[in-house]
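Visitor: I am attaching a structure below and will ask some questions about it afterwards.
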Amino acid sequence: MRRARAGSMVALGELYARHADAVYGAALRLLAAPADAEDVLHDVFVGLRDALRAYEERGSFPAWLRRLAVRRALMQLRRERRRGAPDILDPTLDPTPPGADPTGRIAARRAVESLPEPLRVVFVLKEVEGWSHAEIGAQLGITARASALRLHRAWKQIRQRVGMP
Amino acid sequence: MILRHPTLRALRRFALEEASRAERGRVARHLMRCHRCQARVRSIRNVVDAIREDGVRAPVDFESIAARIQAGERVIPTAEPPPAASPRVRRYGATAATVVALVAAGVVLGVPEARADRSELWVSPAEPVAGESLTLRYQATPRLRDEDRLVVRARYYVAQRGEEPRTAEVGTLVARRGGAFEGTATLPDSAVYAVLAVEDPEARFVDSHAERWEVLVHAPDGRPFLGALRGRYMDNRMRNTRVASQAIRAMTEHYPDEAEAWYLRFSDEASTAPREAVDSLRAVYRSAYDRIVAIAEASSPDPSELWSLAMLAGSMEGQAARDRWRDELIRRYPTSGAALQQAALAASSRYREDVVRHLAVLDSIWQTAPDSAAQAAFNAWNIVQRLGDDAGLVKWGTRFATAMPGAGWHVGTVLSRRAAAREDGMALIREAIAGLDGPARERPLTLSRDEAEAETRRVAARYHAALGRALLEAGRTGAARDTLDLAVDGVWDPTLFQAAADARLMLGDTAGALELVARVAADPVTQPARADSLRASLGEAAHPDETWQAAVEKARAHLRHELLQGALDRAPLRARLRLQDLAGQTHDVRLADDAVTVIAFWSRYCPPSRAQLGELDRVAERLADSGVRFLAISDEHEAADVAAFMDASGHTFPTFLDPHRDARNAFDNRSVPYYVVLDPEGRIRFTAREPGEVVRQVAVLSGTE
């Protein structure tokens, strides 16, 4: 950590080797766009030296890094929203061939990816990142109650898309 | 009666363990009757598991990042600072002011070093087909980071039911940068399920990650093989019941027409359901059972399928239904292992009172196909032990030891206690001792070479102790002394020391017995009164006092040496535990506490663990008297239930719940009984399976042995 703060490329490389997948994965789940998630990955690690100055070594470093990645991803979303970017999911994606998704994991991931962005963001922040509704609300500028409502609507849509009984 | 289904929100809270106790109970009772809501809960968990799966790989190397940094690029940090603590810590942890004060005082709250102990193994493809080569990426634990090459081993199961798992080396890893390794592995062709571990080429250290790195081989249609799911269940049923239950549920989902899958699932769910709910379970399974019976009636099931159907029918409809399929199996496939086993079980219920007839039937089953008649040998061995018939004991004991090679020592010990069967018993024990050196003995997946050798020495000591006692009983005292002397070094086993001392005393060698008796007296588990009577048994040899004290001091040094040889020195994966006491209060427990700490994982539902609870009371009291911190951790979730059990059973040891799984994660432990001993700096020095071992370990660590 000290070496990374001081700018050691070897130390930063070690942190990258250990945490890049988790950072990329966190961004991809929120953004559902590999190119945007790659931007977040770059931004997090290029800016890590500076960001580490604010890291007080309380709690878990991987969890701190994930929150950094999540916040950068949310910034990216706000930027995209201002630019009026189209909704992400390509409707012409091939459906999963029968029998190729016996555990339903692919269908579940697609169901989440295809949620409208306001619902998907709340779903990922709550169910994957473990944020409370109060934190989500503070980050997104909505009330905790609104966050809970969006989560419920997300689950209702997922239920239809995965064919939950 | 119209069922009122829980709302989607309530099912979500239940599935993700966010429900209150009352809601959890209501939903659980509903799920016992409602197949549709069960499916919804599974679906919710499936969605969350799918989205949480860590399967993505960063698409770029560090080089492109480094190039941007070296080009002088800067990224403006995000406006708000990261939150002061994660939601859970905020609920239970110190206030911000206290946090600052603690940091200023140099107390580390999170331990990056502890996190750095975390290793990870990625396997690709995640769902391989048979014979497919696996690509592996491994982020090494610090203990292995400096190696150039690592070895990957597997404990694997084959498709056929009833086969024991095997262990084999399956691949290698080559070092890359930053503690990362890459390589390939290939499972044996017959393997359908494997648990992986990584070790250095000399097997000095094994990273098995609590046996959670697993591979399930898939069929071409994309389903995991039935044998793979069965292997997953068998491997986890004693150490991780949640994974074991998941494996069984997956069996019924992927193979809805397999009787075995439903039989295992029914047994699993019925074992944890209230008695009055078992009939409701049968109603839930009815349609699957009817379908499977219809398929069996229209086709020709093989022996294994008929066996499973007989067991399922017995669970669903009782003895008559079971017997129908059992008789069908015996009629169609009379010499198959499955049929012979069912015939032996049938004889148990049919000839309960007529022992002579019972043994005759088991004898005829054995004669039909000895290679497949293990159940008959086992049942007969139990009968002859009750009868105490020497000839029968030798006959069936030898057969049982042949059918189950690992049972040789046990059978030998039983036989050697009876004068007429002693020589046969000793022969079996000698065979078991010889088998310890055999090439066929596989090193367990999770043990290093040294640990496996230490375990073999411990097992050998037990076998030698049994043989030595038998020789003493036979009056062959010199041979007994020599046999026992082979075993006394390299282990700490007071029972063995006592037997070896007895042999020397019988030969009149009191001086030779002194060292061994002193070891028993010096053992921290030995009560002072017993130590005195042990000294008295030596007469003059234990006098004057200086002689006895010197022997006891030497014994203590031997104990220290034996225990410290096998001592660990490892940081736990968490430095603090959030535990809940039985009054519902949460405690923030630092593992580094300037005192030796014992963590005891226990469960009232595990028979070996439950059997130790009485001793745990005594040990807890004794440790408290000597300033050792003792924390027992129950595997349950409801404080009131555990409190009621403690009150009713009269146990007094201090116990906590582990609602955030901090203790389980800190020590990577899912099994009970299990004990961890930490030094005052909070580092793991010993682990144990029995309270007696813990007493010795604490004594050595505290310097009070």
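By order of appearance in the structure tokens: chains A, B, ..., then residues from 1 within every chain, and ligands from 1 in the order shown.
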Please return as a ChimeraX atom specification: the residues of chain A that backbone DSSP assigns to alpha helix (DSSP H).

Guide: /A:2-5,9-31,34-46,48-52,61-83,105-113,117-127,133-140,144-162

Visitor: Quick one: residues within 7 Å of range 495-500 of chain B, only C-alpha atoms, excluding same-chain residues fewer than 3 positions away - as a list in words?

Guide: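 So, after excluding close chain neighbours, the residues are Ala465, Arg469, Arg481, Leu484, Asp485, Val488, Ala503, Arg504, Leu516, Val517 and Val520 of chain B.
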
Visitor: Rounded to one decimal place, report the CA of Met506 in chain B-CA of Leu534 in chain B distance in Å.

Guide: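 Taking CA of Met506 in chain B as the start and CA of Leu534 in chain B as the end point, the length is 15.0 Å.
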
Visitor: Could you tell me which of A:Val122, A:Ala63, A:Leu52, A:Ala108 comes closest to chain B if we count only C-alpha atoms?

Guide: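 The closest residue to chain B is A:Ala108.
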
Visitor: Neighbours of range 129-133 of chain B within 12 Å (only C-alpha atoms; same-chain residues fewer than 2 positions away dropped), as an MDAnalysis selection string?

Guide: chainID B and resid 123:127 135:136 158:159 170:171 183:193 215:225 228

Visitor: I'd like the contact shell of Ala27 in chain A - 12 Å cut-off, only C-alpha atoms, skipping same-chain residues fewer than 6 positions apart - returned as a PDB file with C-alpha atoms, in the first residue's frame.

Guide:
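Printed below is out_35.pdb as written:
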ATOM      1  CA  ALA A  20      -8.656  -5.798 -11.595  1.00  0.00           C
ATOM      2  CA  ASP A  21     -11.190  -8.561 -12.218  1.00  0.00           C
ATOM      3  CA  ALA A  33     -21.487  -2.129 -21.354  1.00  0.00           C
ATOM      4  CA  PRO A  34     -17.979  -3.628 -21.614  1.00  0.00           C
ATOM      5  CA  ALA A  35     -16.422  -0.525 -23.172  1.00  0.00           C
ATOM      6  CA  ASP A  36     -17.736   1.739 -20.399  1.00  0.00           C
ATOM      7  CA  ALA A  37     -16.667  -0.763 -17.737  1.00  0.00           C
ATOM      8  CA  GLU A  38     -13.181  -0.802 -19.265  1.00  0.00           C
ATOM      9  CA  ASP A  39     -13.088   3.007 -18.982  1.00  0.00           C
ATOM     10  CA  VAL A  40     -13.934   2.708 -15.301  1.00  0.00           C
ATOM     11  CA  LEU A  41     -11.214   0.071 -14.851  1.00  0.00           C
ATOM     12  CA  HIS A  42      -8.675   2.434 -16.398  1.00  0.00           C
ATOM     13  CA  ASP A  43      -9.845   5.421 -14.383  1.00  0.00           C
ATOM     14  CA  VAL A  44      -9.751   3.554 -11.090  1.00  0.00           C
ATOM     15  CA  LEU A  65     -11.674  -0.371  -3.961  1.00  0.00           C
ATOM     16  CA  ARG A  66     -15.015  -1.805  -5.083  1.00  0.00           C
ATOM     17  CA  ARG A  67     -16.831   1.222  -3.694  1.00  0.00           C
ATOM     18  CA  LEU A  68     -14.415   3.436  -5.595  1.00  0.00           C
ATOM     19  CA  ALA A  69     -15.204   1.495  -8.763  1.00  0.00           C
ATOM     20  CA  VAL A  70     -18.938   1.645  -8.100  1.00  0.00           C
ATOM     21  CA  ARG A  71     -18.843   5.414  -7.610  1.00  0.00           C
ATOM     22  CA  ARG A  72     -16.845   5.910 -10.814  1.00  0.00           C
ATOM     23  CA  ALA A  73     -19.376   3.717 -12.614  1.00  0.00           C
ATOM     24  CA  LEU A  74     -22.235   5.809 -11.246  1.00  0.00           C
ATOM     25  CA  MET A  75     -20.449   8.958 -12.437  1.00  0.00           C
ATOM     26  CA  GLN A  76     -20.168   7.353 -15.851  1.00  0.00           C
ATOM     27  CA  LEU A  77     -23.894   6.678 -15.825  1.00  0.00           C
ATOM     28  CA  VAL A 121     -28.495   0.233 -10.659  1.00  0.00           C
ATOM     29  CA  VAL A 124     -26.870  -4.260  -8.303  1.00  0.00           C
ATOM     30  CA  LEU A 125     -26.077  -1.836  -5.494  1.00  0.00           C
ATOM     31  CA  VAL A 128     -24.427  -7.424  -5.162  1.00  0.00           C
ATOM     32  CA  GLU A 129     -22.661  -4.546  -3.466  1.00  0.00           C
TER      33      GLU A 129
ATOM     34  CA  VAL B  56     -15.455 -11.872 -15.565  1.00  0.00           C
ATOM     35  CA  ARG B  57     -11.842 -11.140 -16.412  1.00  0.00           C
ATOM     36  CA  ALA B  58     -10.393  -7.688 -16.792  1.00  0.00           C
TER      37      ALA B  58
END

Visitor: Compile the contact shell of Arg42 in chain B as an NGL selection string: residues with an atom at most 12 Å away, counting only C-alpha atoms, same-chain residues fewer than 5 positions apart removed.

Guide: (:A and (103-104 or 159 or 162 or 164-165)) or (:B and (11-12 or 14-16 or 31 or 35-37 or 47-50 or 246 or 249-250 or 253))

Visitor: Contacts of range 586-596 of chain B at 9 Å or less, counting only C-alpha atoms, minus same-chain residues fewer than 5 places along, as a short mmCIF file (atom, residue, chain, number, x, y, z; two decimals) with C-alpha atoms, in the first residue's frame?

Guide:
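Final output, saved to around.cif:
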data_model
loop_
_atom_site.label_atom_id
_atom_site.label_comp_id
_atom_site.auth_asym_id
_atom_site.auth_seq_id
_atom_site.Cartn_x
_atom_site.Cartn_y
_atom_site.Cartn_z
CA TYR B 92 -22.22 -2.79 15.03
CA GLY B 93 -18.84 -1.08 15.07
CA ALA B 94 -17.47 1.83 17.03
CA LEU B 109 -9.07 -2.41 12.63
CA PRO B 572 -6.65 -15.47 10.69
CA ARG B 574 -10.25 -11.50 9.92
CA ALA B 575 -8.77 -9.71 12.91
CA ARG B 576 -12.13 -8.97 14.55
CA LEU B 577 -15.27 -11.01 14.97
CA ARG B 578 -18.80 -9.69 15.38
CA LEU B 579 -20.40 -12.26 17.66
CA GLN B 580 -23.79 -12.32 19.31
CA ASP B 581 -24.33 -13.59 22.85
CA GLY B 627 -6.67 -16.39 32.22
CA VAL B 628 -7.31 -17.88 28.79
CA ARG B 629 -10.14 -16.37 26.77
CA PHE B 630 -12.62 -19.03 25.68
CA VAL B 677 -5.89 -21.79 19.62
CA LEU B 678 -4.49 -18.28 19.11
CA ASP B 679 -1.50 -16.68 20.76
CA PRO B 680 -1.73 -13.27 22.47
CA GLU B 681 -0.90 -11.59 19.14
CA GLY B 682 -3.97 -13.16 17.60
CA ARG B 683 -2.09 -15.63 15.37
CA VAL B 698 -2.86 -24.04 25.68
CA LEU B 701 1.54 -21.95 24.51
CA SER B 702 1.17 -20.42 27.95
#

Visitor: Excluding Ala11 in chain A and residues on its chain fewer than 2 positions from it, collect all residues at most 12 Å away from it, counting only C-alpha atoms, and give them as an NGL selection string.

Guide: (:A and (1-9 or 13-18 or 45 or 48-49)) or (:B and (62 or 66 or 177-179))

Visitor: Keeping only N, CA and C atoms, write the selected residues to a file as a PDB file, in the first residue's frame.

Guide:
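Contents of again.pdb, freshly written:
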ATOM      1  N   MET A   1       0.831  -1.204   0.000  1.00  0.00           N
ATOM      2  CA  MET A   1       0.000   0.000   0.000  1.00  0.00           C
ATOM      3  C   MET A   1       0.870   1.261   0.000  1.00  0.00           C
ATOM      4  N   ARG A   2       1.875   1.262   0.882  1.00  0.00           N
ATOM      5  CA  ARG A   2       2.770   2.433   0.967  1.00  0.00           C
ATOM      6  C   ARG A   2       3.469   2.634  -0.342  1.00  0.00           C
ATOM      7  N   ARG A   3       3.955   1.523  -0.918  1.00  0.00           N
ATOM      8  CA  ARG A   3       4.697   1.630  -2.177  1.00  0.00           C
ATOM      9  C   ARG A   3       3.795   2.094  -3.290  1.00  0.00           C
ATOM     10  N   ALA A   4       2.567   1.650  -3.265  1.00  0.00           N
ATOM     11  CA  ALA A   4       1.628   2.071  -4.312  1.00  0.00           C
ATOM     12  C   ALA A   4       1.350   3.569  -4.179  1.00  0.00           C
ATOM     13  N   ARG A   5       1.190   4.034  -2.938  1.00  0.00           N
ATOM     14  CA  ARG A   5       0.957   5.469  -2.715  1.00  0.00           C
ATOM     15  C   ARG A   5       2.122   6.276  -3.224  1.00  0.00           C
ATOM     16  N   ALA A   6       3.322   5.731  -3.018  1.00  0.00           N
ATOM     17  CA  ALA A   6       4.531   6.456  -3.446  1.00  0.00           C
ATOM     18  C   ALA A   6       4.731   6.379  -4.952  1.00  0.00           C
ATOM     19  N   GLY A   7       3.882   5.628  -5.620  1.00  0.00           N
ATOM     20  CA  GLY A   7       3.941   5.600  -7.079  1.00  0.00           C
ATOM     21  C   GLY A   7       4.694   4.419  -7.661  1.00  0.00           C
ATOM     22  N   SER A   8       4.999   3.425  -6.834  1.00  0.00           N
ATOM     23  CA  SER A   8       5.736   2.272  -7.352  1.00  0.00           C
ATOM     24  C   SER A   8       4.873   1.515  -8.361  1.00  0.00           C
ATOM     25  N   MET A   9       5.371   1.403  -9.606  1.00  0.00           N
ATOM     26  CA  MET A   9       4.599   0.719 -10.647  1.00  0.00           C
ATOM     27  C   MET A   9       4.482  -0.770 -10.343  1.00  0.00           C
ATOM     28  N   GLY A  13       1.095  -2.607 -10.034  1.00  0.00           N
ATOM     29  CA  GLY A  13       0.861  -3.799 -10.850  1.00  0.00           C
ATOM     30  C   GLY A  13       0.364  -4.969 -10.016  1.00  0.00           C
ATOM     31  N   GLU A  14       0.915  -5.098  -8.817  1.00  0.00           N
ATOM     32  CA  GLU A  14       0.447  -6.185  -7.939  1.00  0.00           C
ATOM     33  C   GLU A  14      -0.992  -5.974  -7.532  1.00  0.00           C
ATOM     34  N   LEU A  15      -1.332  -4.738  -7.204  1.00  0.00           N
ATOM     35  CA  LEU A  15      -2.729  -4.454  -6.847  1.00  0.00           C
ATOM     36  C   LEU A  15      -3.632  -4.733  -8.038  1.00  0.00           C
ATOM     37  N   TYR A  16      -3.175  -4.389  -9.232  1.00  0.00           N
ATOM     38  CA  TYR A  16      -3.976  -4.641 -10.434  1.00  0.00           C
ATOM     39  C   TYR A  16      -4.207  -6.145 -10.620  1.00  0.00           C
ATOM     40  N   ALA A  17      -3.103  -6.908 -10.467  1.00  0.00           N
ATOM     41  CA  ALA A  17      -3.216  -8.356 -10.659  1.00  0.00           C
ATOM     42  C   ALA A  17      -4.236  -8.948  -9.698  1.00  0.00           C
ATOM     43  N   ARG A  18      -4.276  -8.425  -8.503  1.00  0.00           N
ATOM     44  CA  ARG A  18      -5.173  -8.993  -7.497  1.00  0.00           C
ATOM     45  C   ARG A  18      -6.609  -8.518  -7.627  1.00  0.00           C
ATOM     46  N   PHE A  45      -7.614   2.614 -11.778  1.00  0.00           N
ATOM     47  CA  PHE A  45      -6.203   2.286 -11.522  1.00  0.00           C
ATOM     48  C   PHE A  45      -5.253   3.399 -11.904  1.00  0.00           C
ATOM     49  N   LEU A  48      -5.421   5.603  -8.946  1.00  0.00           N
ATOM     50  CA  LEU A  48      -5.355   4.930  -7.651  1.00  0.00           C
ATOM     51  C   LEU A  48      -4.324   5.563  -6.722  1.00  0.00           C
ATOM     52  N   ARG A  49      -3.200   5.947  -7.304  1.00  0.00           N
ATOM     53  CA  ARG A  49      -2.155   6.587  -6.484  1.00  0.00           C
ATOM     54  C   ARG A  49      -2.724   7.750  -5.698  1.00  0.00           C
TER      55      ARG A  49
ATOM     56  N   PHE B  62      -2.054  -4.782 -17.265  1.00  0.00           N
ATOM     57  CA  PHE B  62      -1.626  -3.604 -16.523  1.00  0.00           C
ATOM     58  C   PHE B  62      -0.787  -2.670 -17.406  1.00  0.00           C
ATOM     59  N   ALA B  66      -0.249   1.295 -17.000  1.00  0.00           N
ATOM     60  CA  ALA B  66       1.067   1.852 -16.685  1.00  0.00           C
ATOM     61  C   ALA B  66       1.469   2.908 -17.711  1.00  0.00           C
ATOM     62  N   ARG B 177       3.633 -12.810 -12.557  1.00  0.00           N
ATOM     63  CA  ARG B 177       4.029 -11.709 -11.704  1.00  0.00           C
ATOM     64  C   ARG B 177       3.105 -11.541 -10.535  1.00  0.00           C
ATOM     65  N   GLY B 178       3.635 -10.925  -9.486  1.00  0.00           N
ATOM     66  CA  GLY B 178       2.761 -10.478  -8.414  1.00  0.00           C
ATOM     67  C   GLY B 178       2.032 -11.595  -7.712  1.00  0.00           C
ATOM     68  N   GLY B 179       2.650 -12.766  -7.613  1.00  0.00           N
ATOM     69  CA  GLY B 179       2.003 -13.866  -6.904  1.00  0.00           C
ATOM     70  C   GLY B 179       0.979 -14.592  -7.743  1.00  0.00           C
TER      71      GLY B 179
END

Visitor: Could you check the closest approach to chain A for each of B:Arg155, B:Arg4, B:His410, B:Arg176 and tell me which residue wins, using only C-alpha atoms?

Guide: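 Among the listed residues, the smallest separation from chain A belongs to B:Arg176.
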
Visitor: Rounded to one decimal, what separation in Å do you get between CA of Thr597 in chain B and CA of Ala531 in chain B?

Guide: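 These atoms are spaced 27.1 Å apart.
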
Visitor: Nearest to chain A among B:Glu615, B:Glu546, B:Glu73, B:Asp207, with distances taken over only C-alpha atoms: which residue is it?

Guide: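 Comparing B:Glu615, B:Glu546, B:Glu73, B:Asp207 against chain A, the winner is B:Glu73.
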